[in-house]
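Notes for the one structure printed next.
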Amino acid sequence: MVITNPILQLKKVSISYTPGKNAVEEVSADIAEKKITAIMGPSGCGKSTLLRAINRMHELYPDIKTMGEILLNGKNILKTNPMEVRRMAGMVFQRPNPFPTMSIYDNVIAGYKLNGITLPKQEKDQLVEESLKNVGLWDEVKDSLFKKGTFLSGGQQQRLCIARALSLKPKVLLMDEPTSALDPIATNRIEELLLDLKNEFTILIVTHNMSQAARISDYSMFMYLGHLIEYDETQKMFTNPSDKRTEEYLTGQFG
Amino acid sequence: MRDLIFKRLLSVCCILILLISAGMIYSLVSGSIPALSHYGFFQFIGSTEWDPHPERETYGALSFIVGTLLTSFLALIFCIPFSLPVALFTGEFFRGKKIATFISSIIDLLAGIPSIVYGLWGFYTFRPIIIEMGVNSQGFGVLTSSIILAIMIIPYASSLSGEFISMVPNELKEAAYSLGATRYEVIRTVTFPTAGSGVFASYILALGRALGETMAVTMLIGNTNNLPTSLADTGNTMASIIANQFGEADGLKLSSLIAIGLLLFLITAIINLIAKLIIKKLN
């Protein structure tokens, strides 16, 4: 499979938590722009580890080493200022984590506040409204923008976190099992939201939920024991996987 | 059967402790009634007079209340620039590292030094520095005591607030980093506000320590029965006046000292209660 004009390119990316033992082993893949790419695999296969390399989250923990090249718009992010990388690659985490001391409004523009960027009031209002509308939360919270974000339901909190990531207008949105802590209805809403968002954003989503990957993604990766086993169009992978291990995983024989 | 005996035994021990505490409060209250009823409660706490002359005996607690609050709050202020960095060091920058454990055990060691040793050190080593600085001629006073008190409460303030700082969930910090924040920005906008009330409560508990501290302060404050109005002034705290004078006190004077003890107990209890309420609300 060839991806033309990839926005993100992984070139022989290896990641180790302890020296000499790689959790991710020479993964190479091109990621298509404005598509949803799912990363699947059993627990411990390195899928979250790979995702977190893309916004250099691993650097918060000195023992973790990332090798290889990750190109975002052709620029090696491992050689770019990590703060800049993280603004270009937004992240949504497993559990909703709005800042508990901030209001909904402040949570949305937290990226600007944290980076010491002051925007005129009007621009802020517009950004908050636009970001919340993007995630379908505006109508639900427009009258309580100055209440704490932690009063929202889990699904709303997660959408708030997505709005927070989107407000910085990232090139890619990295999602680390974003619905694993949510109930089916909230999960459903997030999935619909992602299908909307891919008109504007490139989404890379780690999921251990195969049917989720099948429902929403255009491309899928299957990882096993740190290796990228198979990477293809989702439809092809789910109907006609080329590797035996992928087939076994997708048919529920392990994982 | 054995369970029952064990349970009874525990209950008896608990009740005994409660009874002892109640007895203590009772003796404090009953001991202070003569003074409080003779001068009236508000007269007693509002007067700076301390005149033990047999014919015109007058006792008021205001100078000592001010002495206690002044030295304790100053100590709290002086301790912040030292305890906050230690808390950040152990709770954020080097969380879980050997060096953090090393630093915090050294700091905890400070908490184990007996008060009298602080007093001695303050008296023989620190006081000459105060004289050298020209604060006053003897080196005793509010400033000297406050600084020693500050050193004494650093371990309490830093270890507890460090704990609260280290409890800030990683996922919140990661969320901030993922938005492109620097470490300083994360500390300023996420770590501190999230740990804020816990850190505040730690400082209130440290303040509670400073309020009741007796020995070192008694050795350094100068023991004069006046209202301190500047850092260079000598004075007395509620604890130090009791320590100084209870030996030769009787009658109204003894009752006044006990009343001061009761007041000190109340102030400390309220301060601790506030801190505990804040911490409880956090959990």
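Each chain in the structure tokens gets a letter, A, B, ..., in the order shown, and its residues are numbered from 1; ligands are numbered from 1 in order too.
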Run DSSP on the backbone and give me the residues of region 171-240 of chain A it puts in alpha helix (DSSP H), as a list in words.
-> Pro184, Ile185, Ala186, Thr187, Asn188, Arg189, Ile190, Glu191, Glu192, Leu193, Leu194, Leu195, Asp196, Leu197, Met210, Ser211, Gln212, Ala213, Ala214, Arg215, Ile216, Thr234, Gln235, Lys236, Met237, Phe238 and Thr239 of chain A
Could you please select, counting only C-alpha atoms, the residues of chain A within 12 Å of chain B and state them as a PyMOL selection string?
-> chain A and resi 52-62+81-102+106-117+161-170+173-175
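Note that the spacing between CA of Pro52 (chain B) and CA of Leu28 (chain B) amounts to 21.0 Å.
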So what do you get for CA of Ile260 (chain B) versus CA of Ala61 (chain B), distance-wise?
-> 6.6 Å
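The neighbours of Glu129 (chain A) here are the residues that come within 9 Å of it, using only C-alpha atoms and leaving out any residue fewer than 4 positions away in the same chain; they are Tyr105, Lys124, Asp125, Lys133, Asn134, Trp138 and Lys142 of chain A.
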